[in-house]
>>> print(open('coords.pdb').read())   # PDB, C-alpha atoms and all ligand atoms
ATOM      1  CA  MET A   1     244.620  35.062  93.005
ATOM      2  CA  SER A   2     245.072  36.848  96.291
ATOM      3  CA  MET A   3     242.893  39.440  97.848
ATOM      4  CA  LYS A   4     243.875  42.686  99.544
ATOM      5  CA  LEU A   5     241.510  44.109 102.131
ATOM      6  CA  THR A   6     241.024  47.820 102.836
ATOM      7  CA  SER A   7     239.106  49.993 105.295
ATOM      8  CA  SER A   8     235.939  49.588 103.208
ATOM      9  CA  ASP A   9     236.082  45.806 103.722
ATOM     10  CA  ALA A  10     234.746  43.905 106.709
ATOM     11  CA  LEU A  11     235.201  40.322 107.798
ATOM     12  CA  LEU A  12     232.267  38.504 109.423
ATOM     13  CA  LEU A  13     233.245  35.405 111.380
ATOM     14  CA  VAL A  14     230.072  33.449 112.017
ATOM     15  CA  ASP A  15     229.797  31.380 115.209
ATOM     16  CA  VAL A  16     233.335  29.983 115.377
ATOM     17  CA  GLN A  17     232.535  28.581 118.818
ATOM     18  CA  SER A  18     233.725  25.513 120.705
ATOM     19  CA  ASP A  19     230.339  23.785 120.662
ATOM     20  CA  PHE A  20     230.348  23.736 116.830
ATOM     21  CA  CYS A  21     233.837  22.202 116.699
ATOM     22  CA  PRO A  22     234.914  18.579 117.276
ATOM     23  CA  GLY A  23     234.274  17.651 120.921
ATOM     24  CA  GLY A  24     231.518  20.261 121.240
ATOM     25  CA  ALA A  25     227.813  19.804 121.960
ATOM     26  CA  LEU A  26     226.768  20.367 118.339
ATOM     27  CA  ALA A  27     229.974  19.481 116.546
ATOM     28  CA  VAL A  28     230.216  20.163 112.836
ATOM     29  CA  THR A  29     232.447  17.686 111.003
ATOM     30  CA  ASP A  30     235.833  19.373 110.569
ATOM     31  CA  GLY A  31     234.415  22.573 112.080
ATOM     32  CA  ASP A  32     237.805  23.564 113.445
ATOM     33  CA  ALA A  33     239.299  23.441 109.943
ATOM     34  CA  VAL A  34     237.913  26.940 109.378
ATOM     35  CA  VAL A  35     240.157  28.405 112.069
ATOM     36  CA  PRO A  36     243.537  28.556 110.273
ATOM     37  CA  VAL A  37     241.860  29.815 107.104
ATOM     38  CA  LEU A  38     240.059  32.558 109.016
ATOM     39  CA  ASN A  39     243.245  33.468 110.866
ATOM     40  CA  ALA A  40     244.843  34.251 107.507
ATOM     41  CA  TRP A  41     241.874  36.493 106.648
ATOM     42  CA  ILE A  42     242.077  38.168 110.055
ATOM     43  CA  ALA A  43     245.748  38.915 109.401
ATOM     44  CA  ALA A  44     244.837  40.444 106.037
ATOM     45  CA  ALA A  45     242.085  42.487 107.700
ATOM     46  CA  ARG A  46     244.504  43.904 110.260
ATOM     47  CA  GLN A  47     247.041  44.671 107.562
ATOM     48  CA  GLY A  48     244.517  46.517 105.414
ATOM     49  CA  GLY A  49     242.557  48.260 108.173
ATOM     50  CA  ALA A  50     239.413  46.190 107.595
ATOM     51  CA  LYS A  51     236.940  45.772 110.460
ATOM     52  CA  VAL A  52     236.382  42.364 112.056
ATOM     53  CA  PHE A  53     232.975  41.269 113.321
ATOM     54  CA  ALA A  54     232.451  37.953 115.144
ATOM     55  CA  SER A  55     228.951  36.629 115.724
ATOM     56  CA  ARG A  56     228.181  34.129 118.437
ATOM     57  CA  ASP A  57     225.220  31.891 119.169
ATOM     58  CA  TRP A  58     224.396  33.004 122.713
ATOM     59  CA  HIS A  59     221.520  30.982 124.100
ATOM     60  CA  PRO A  60     219.874  31.073 127.504
ATOM     61  CA  ALA A  61     219.772  27.596 129.119
ATOM     62  CA  ASP A  62     216.073  27.238 128.245
ATOM     63  CA  HIS A  63     216.294  28.271 124.589
ATOM     64  CA  LEU A  64     213.414  27.097 122.397
ATOM     65  CA  SER A  65     215.791  25.485 119.862
ATOM     66  CA  PHE A  66     216.843  22.868 122.422
ATOM     67  CA  ALA A  67     215.356  19.345 122.276
ATOM     68  CA  GLU A  68     213.904  19.597 125.785
ATOM     69  CA  ARG A  69     211.657  22.384 124.482
ATOM     70  CA  GLY A  70     210.800  20.492 121.292
ATOM     71  CA  GLY A  71     213.520  22.121 119.212
ATOM     72  CA  LEU A  72     215.932  20.599 116.726
ATOM     73  CA  TRP A  73     219.177  20.734 118.686
ATOM     74  CA  PRO A  74     220.928  19.457 121.779
ATOM     75  CA  PRO A  75     221.711  22.279 124.217
ATOM     76  CA  HIS A  76     224.622  24.278 122.782
ATOM     77  CA  CYS A  77     226.288  27.675 123.075
ATOM     78  CA  VAL A  78     224.706  28.398 126.427
ATOM     79  CA  GLN A  79     225.681  31.907 127.580
ATOM     80  CA  ASN A  80     228.888  32.075 129.629
ATOM     81  CA  THR A  81     229.726  28.369 129.307
ATOM     82  CA  PRO A  82     232.972  27.041 127.756
ATOM     83  CA  GLY A  83     231.046  25.671 124.757
ATOM     84  CA  ALA A  84     229.894  29.165 123.847
ATOM     85  CA  ALA A  85     233.442  30.549 123.774
ATOM     86  CA  PHE A  86     235.137  31.363 120.492
ATOM     87  CA  HIS A  87     237.565  28.645 119.384
ATOM     88  CA  VAL A  88     240.758  29.128 121.404
ATOM     89  CA  ASP A  89     242.950  29.243 118.297
ATOM     90  CA  LEU A  90     240.944  31.970 116.567
ATOM     91  CA  ASN A  91     243.128  35.092 116.590
ATOM     92  CA  LEU A  92     240.445  37.680 117.215
ATOM     93  CA  PRO A  93     241.808  41.238 117.207
ATOM     94  CA  GLU A  94     241.199  43.210 120.383
ATOM     95  CA  ASP A  95     238.835  45.577 118.584
ATOM     96  CA  THR A  96     236.662  42.784 117.174
ATOM     97  CA  VAL A  97     232.976  43.689 117.334
ATOM     98  CA  VAL A  98     231.137  40.762 118.925
ATOM     99  CA  VAL A  99     227.575  40.235 117.710
ATOM    100  CA  SER A 100     225.524  38.047 120.075
ATOM    101  CA  LYS A 101     222.376  36.470 118.682
ATOM    102  CA  ALA A 102     219.545  34.140 119.694
ATOM    103  CA  ASP A 103     219.969  35.371 123.266
ATOM    104  CA  GLN A 104     216.232  35.396 124.077
ATOM    105  CA  ALA A 105     214.653  32.119 125.254
ATOM    106  CA  ASP A 106     211.641  32.300 122.947
ATOM    107  CA  HIS A 107     213.263  33.554 119.751
ATOM    108  CA  GLU A 108     215.517  31.680 117.304
ATOM    109  CA  ALA A 109     217.952  33.698 115.232
ATOM    110  CA  TYR A 110     220.303  32.022 112.797
ATOM    111  CA  SER A 111     221.339  35.293 111.160
ATOM    112  CA  ALA A 112     223.940  37.654 112.605
ATOM    113  CA  PHE A 113     221.760  40.430 111.128
ATOM    114  CA  ASP A 114     218.730  39.479 113.240
ATOM    115  CA  SER A 115     218.836  42.482 115.590
ATOM    116  CA  GLY A 116     219.576  45.016 112.862
ATOM    117  CA  GLU A 117     222.653  46.301 114.713
ATOM    118  CA  LEU A 118     225.186  44.700 112.418
ATOM    119  CA  ALA A 119     223.660  46.244 109.292
ATOM    120  CA  ASP A 120     223.730  49.661 111.005
ATOM    121  CA  GLN A 121     227.372  49.200 111.980
ATOM    122  CA  LEU A 122     228.386  48.191 108.450
ATOM    123  CA  GLY A 123     226.547  51.190 107.062
ATOM    124  CA  ALA A 124     228.074  53.605 109.582
ATOM    125  CA  ALA A 125     231.567  52.314 108.745
ATOM    126  CA  GLY A 126     231.007  52.693 104.993
ATOM    127  CA  ILE A 127     231.629  49.019 104.338
ATOM    128  CA  GLN A 128     231.310  48.057 100.679
ATOM    129  CA  ARG A 129     232.506  44.450 100.739
ATOM    130  CA  LEU A 130     231.725  41.825 103.340
ATOM    131  CA  TRP A 131     233.739  38.604 103.603
ATOM    132  CA  VAL A 132     231.976  35.792 105.437
ATOM    133  CA  GLY A 133     233.247  32.523 106.901
ATOM    134  CA  GLY A 134     232.444  30.277 109.862
ATOM    135  CA  LEU A 135     229.828  27.801 111.045
ATOM    136  CA  ALA A 136     227.599  26.359 109.978
ATOM    137  CA  THR A 137     227.197  26.644 106.208
ATOM    138  CA  ASP A 138     223.605  25.411 106.163
ATOM    139  CA  TYR A 139     222.324  27.438 109.147
ATOM    140  CA  CYS A 140     223.940  30.574 110.476
ATOM    141  CA  VAL A 141     226.318  31.221 107.568
ATOM    142  CA  LYS A 142     223.493  30.821 105.069
ATOM    143  CA  ALA A 143     221.004  32.959 107.012
ATOM    144  CA  SER A 144     223.595  35.694 107.575
ATOM    145  CA  VAL A 145     224.733  35.723 103.949
ATOM    146  CA  LEU A 146     221.159  35.807 102.631
ATOM    147  CA  ASP A 147     220.419  38.809 104.866
ATOM    148  CA  ALA A 148     223.659  40.513 103.833
ATOM    149  CA  THR A 149     222.738  40.232 100.153
ATOM    150  CA  GLN A 150     219.636  42.329 100.913
ATOM    151  CA  ILE A 151     221.720  45.320 102.011
ATOM    152  CA  PRO A 152     221.924  47.850  99.168
ATOM    153  CA  GLY A 153     225.439  48.541  97.917
ATOM    154  CA  LEU A 154     227.099  45.716  99.829
ATOM    155  CA  ASP A 155     229.072  43.072  97.907
ATOM    156  CA  VAL A 156     228.948  39.793  99.794
ATOM    157  CA  HIS A 157     231.722  37.224  99.434
ATOM    158  CA  VAL A 158     231.530  33.758 100.971
ATOM    159  CA  ILE A 159     234.955  32.286 101.789
ATOM    160  CA  VAL A 160     234.250  28.749 100.611
ATOM    161  CA  ASP A 161     237.184  27.035 102.321
ATOM    162  CA  ALA A 162     236.335  28.759 105.625
ATOM    163  CA  ILE A 163     232.855  27.262 106.094
ATOM    164  CA  ARG A 164     231.615  23.780 107.086
ATOM    165  CA  ALA A 165     228.099  22.326 107.118
ATOM    166  CA  VAL A 166     226.063  20.459 109.737
ATOM    167  CA  ASP A 167     224.472  18.391 106.921
ATOM    168  CA  VAL A 168     221.551  17.055 108.996
ATOM    169  CA  THR A 169     220.475  15.751 105.603
ATOM    170  CA  PRO A 170     223.366  14.996 103.220
ATOM    171  CA  GLY A 171     223.568  17.735 100.611
ATOM    172  CA  ASP A 172     222.301  20.530 102.875
ATOM    173  CA  GLY A 173     225.670  22.293 102.715
ATOM    174  CA  LYS A 174     225.780  22.123  98.924
ATOM    175  CA  ALA A 175     222.223  23.403  98.651
ATOM    176  CA  ALA A 176     223.065  26.263 101.000
ATOM    177  CA  LEU A 177     226.001  27.287  98.815
ATOM    178  CA  GLU A 178     223.725  27.299  95.806
ATOM    179  CA  ALA A 179     221.082  29.373  97.626
ATOM    180  CA  MET A 180     223.717  31.927  98.637
ATOM    181  CA  ARG A 181     225.022  32.112  95.075
ATOM    182  CA  GLU A 182     221.515  32.561  93.687
ATOM    183  CA  ALA A 183     220.895  35.394  96.147
ATOM    184  CA  GLY A 184     223.872  37.241  94.680
ATOM    185  CA  ALA A 185     226.704  36.268  96.996
ATOM    186  CA  ILE A 186     230.073  35.620  95.394
ATOM    187  CA  LEU A 187     231.549  32.216  96.263
ATOM    188  CA  GLU A 188     235.160  33.147  96.838
ATOM    189  CA  ASP A 189     238.117  30.817  96.357
ATOM    190  CA  ALA A 190     240.848  33.445  96.579
ATOM    191  CA  ALA A 191     243.331  33.557  99.429
ATOM    192  CA  PRO A 192     243.841  36.766 101.373
ATOM    193  CA  ALA A 193     246.953  38.854 100.699
TER
HETATM  194  C1  LIG B 201     223.727  27.078 114.366
HETATM  195  C2  LIG B 201     222.373  25.231 114.658
HETATM  196  C3  LIG B 201     221.883  25.755 115.830
HETATM  197  C4  LIG B 201     224.771  27.784 113.564
HETATM  198  C5  LIG B 201     223.224  27.619 115.523
HETATM  199  O1  LIG B 201     225.518  28.610 114.142
HETATM  200  O2  LIG B 201     224.876  27.503 112.345
HETATM  201  N1  LIG B 201     223.289  25.890 113.933
HETATM  202  N2  LIG B 201     222.301  26.957 116.242
HETATM  203 ZN    ZN B 202     221.889  27.681 118.196
END
>>> encode(input="coords.pdb", output="structure tokens")
Amino acid sequence: MSMKLTSSDALLLVDVQSDFCPGGALAVTDGDAVVPVLNAWIAAARQGGAKVFASRDWHPADHLSFAERGGLWPPHCVQNTPGAAFHVDLNLPEDTVVVSKADQADHEAYSAFDSGELADQLGAAGIQRLWVGGLATDYCVKASVLDATQIPGLDVHVIVDAIRAVDVTPGDGKAALEAMREAGAILEDAAPA
């Protein structure tokens, strides 16, 4: 089955940043494998007049999630560093709306909906279906998808072959998929048209 996008669709690319890809500070196994899949969805979005949103983890150098402050993670996605850049092969359209998150030192935000701006923008654009892919399945994709399922009238589709998990504990990615499905998200296997 293939999927046509229209102007009431939006694509949300979650944190497709160098630090989450092989060679990066917080590399997700096979993280860069999402890029060609998402490029096909971006092409379909452009063709159908769908909006493209790209979230980015955008931490100050002293973010509370970093190990030196007792957090879970090595320093990653520090604002204005190469590791925080979107993957070079991701074909972001010029009119992509960039959603920065977790940009305050003392606040963690895994969800692209944390500030409330993204939900407002989807509402203002009359978006009825949201297609989500990116990194990582068990953190920012999951948190963003769970928030999206709370928005009335929005159908949320997770592009299963366009996400990869950190899997701090084996099985985390699988459990995240199940949690997203239980929250009402549709786990989508279709290719874009
Ligand atoms: C993420 C861990 C730490 C993510 C962000 O984008 O999934 N994971 N910060
Ligand atoms: Zn982070």
>>> resolve_selection(input="coords.pdb", expression="the PyMOL selection byres (((chain A and resi 32) around 9) and not hetatm)", output="list in words")
Val16, Ser18, Phe20, Cys21, Pro22, Val28, Thr29, Asp30, Gly31, Ala33, Val34, Val35, Pro36, His87 and Arg164 of chain A
>>> resolve_selection(input="coords.pdb", expression="the PyMOL selection byres (((not hetatm)) within 8 of (chain B and resi 202))", output="mmCIF file with C-alpha atoms, in the coordinates of the input")
data_model
loop_
_atom_site.group_PDB
_atom_site.id
_atom_site.type_symbol
_atom_site.label_atom_id
_atom_site.label_comp_id
_atom_site.auth_asym_id
_atom_site.auth_seq_id
_atom_site.Cartn_x
_atom_site.Cartn_y
_atom_site.Cartn_z
ATOM 1 C CA ASP A 57 225.220 31.891 119.169
ATOM 2 C CA TRP A 58 224.396 33.004 122.713
ATOM 3 C CA HIS A 59 221.520 30.982 124.100
ATOM 4 C CA SER A 65 215.791 25.485 119.862
ATOM 5 C CA TRP A 73 219.177 20.734 118.686
ATOM 6 C CA HIS A 76 224.622 24.278 122.782
ATOM 7 C CA CYS A 77 226.288 27.675 123.075
ATOM 8 C CA ALA A 102 219.545 34.140 119.694
ATOM 9 C CA GLU A 108 215.517 31.680 117.304
ATOM 10 C CA ALA A 109 217.952 33.698 115.232
ATOM 11 C CA TYR A 110 220.303 32.022 112.797
#
>>> closest_atom_pairs(input="coords.pdb", of="chain A", to="ligand LIG 201 (chain B)", cutoff="7 Å", atoms="all atoms listed in the file", output="tab-separated table")
residue	atom	partner	partner_atom	distance
A:Val14	CA	B:LIG201	O1	7.0
A:Asp15	CA	B:LIG201	O1	5.2
A:Asp57	CA	B:LIG201	C5	6.0
A:Trp73	CA	B:LIG201	C3	6.4
A:Tyr110	CA	B:LIG201	C5	5.9
A:Leu135	CA	B:LIG201	O2	5.1
A:Ala136	CA	B:LIG201	O2	3.8
A:Thr137	CA	B:LIG201	O2	6.6
A:Asp138	CA	B:LIG201	O2	6.6
A:Tyr139	CA	B:LIG201	O2	4.1
A:Cys140	CA	B:LIG201	O2	3.7
A:Val141	CA	B:LIG201	O2	6.2
>>> closest_atom_pairs(input="coords.pdb", of="range 129-162 of chain A", to="range 179-184 of chain A", cutoff="10 Å", atoms="all atoms listed in the file", output="CSV")
residue,atom,partner,partner_atom,distance
A:Thr137,CA,A:Met180,CA,9.9
A:Asp138,CA,A:Ala179,CA,9.7
A:Val141,CA,A:Met180,CA,9.3
A:Lys142,CA,A:Met180,CA,6.5
A:Ala143,CA,A:Met180,CA,8.9
A:Ser144,CA,A:Met180,CA,9.7
A:Val145,CA,A:Met180,CA,6.6
A:Leu146,CA,A:Met180,CA,6.1
A:Asp147,CA,A:Ala183,CA,9.4
A:Ala148,CA,A:Ala183,CA,9.6
A:Thr149,CA,A:Gly184,CA,6.3
A:Gln150,CA,A:Ala183,CA,8.5
A:Asp155,CA,A:Gly184,CA,8.5
A:Val156,CA,A:Gly184,CA,7.6
A:His157,CA,A:Gly184,CA,9.2
A:Val158,CA,A:Met180,CA,8.4
>>> closest_residue(input="coords.pdb", among="A:Phe66, A:Phe53, A:Trp41, A:Phe86", to="Met3 in chain A", atoms="all atoms listed in the file")
A:Trp41
>>> resolve_selection(input="coords.pdb", expression="the PyMOL selection byres (((chain A and resi 100) around 6) and not hetatm)", output="VMD selection string")
chain A and resid 55 to 56 58 99 101
>>> residues_near_point(input="coords.pdb", point="(233.1, 25.0, 125.5)", cutoff="6 Å", atoms="all atoms listed in the file", output="list in words")
Ser18, Asp19, Pro82, Gly83, Ala84 and Ala85 of chain A
>>> closest_residue(input="coords.pdb", among="A:Leu122, A:Val98, A:Val132, A:Ile127", to="Ser7 in chain A", atoms="only C-alpha atoms")
A:Ile127
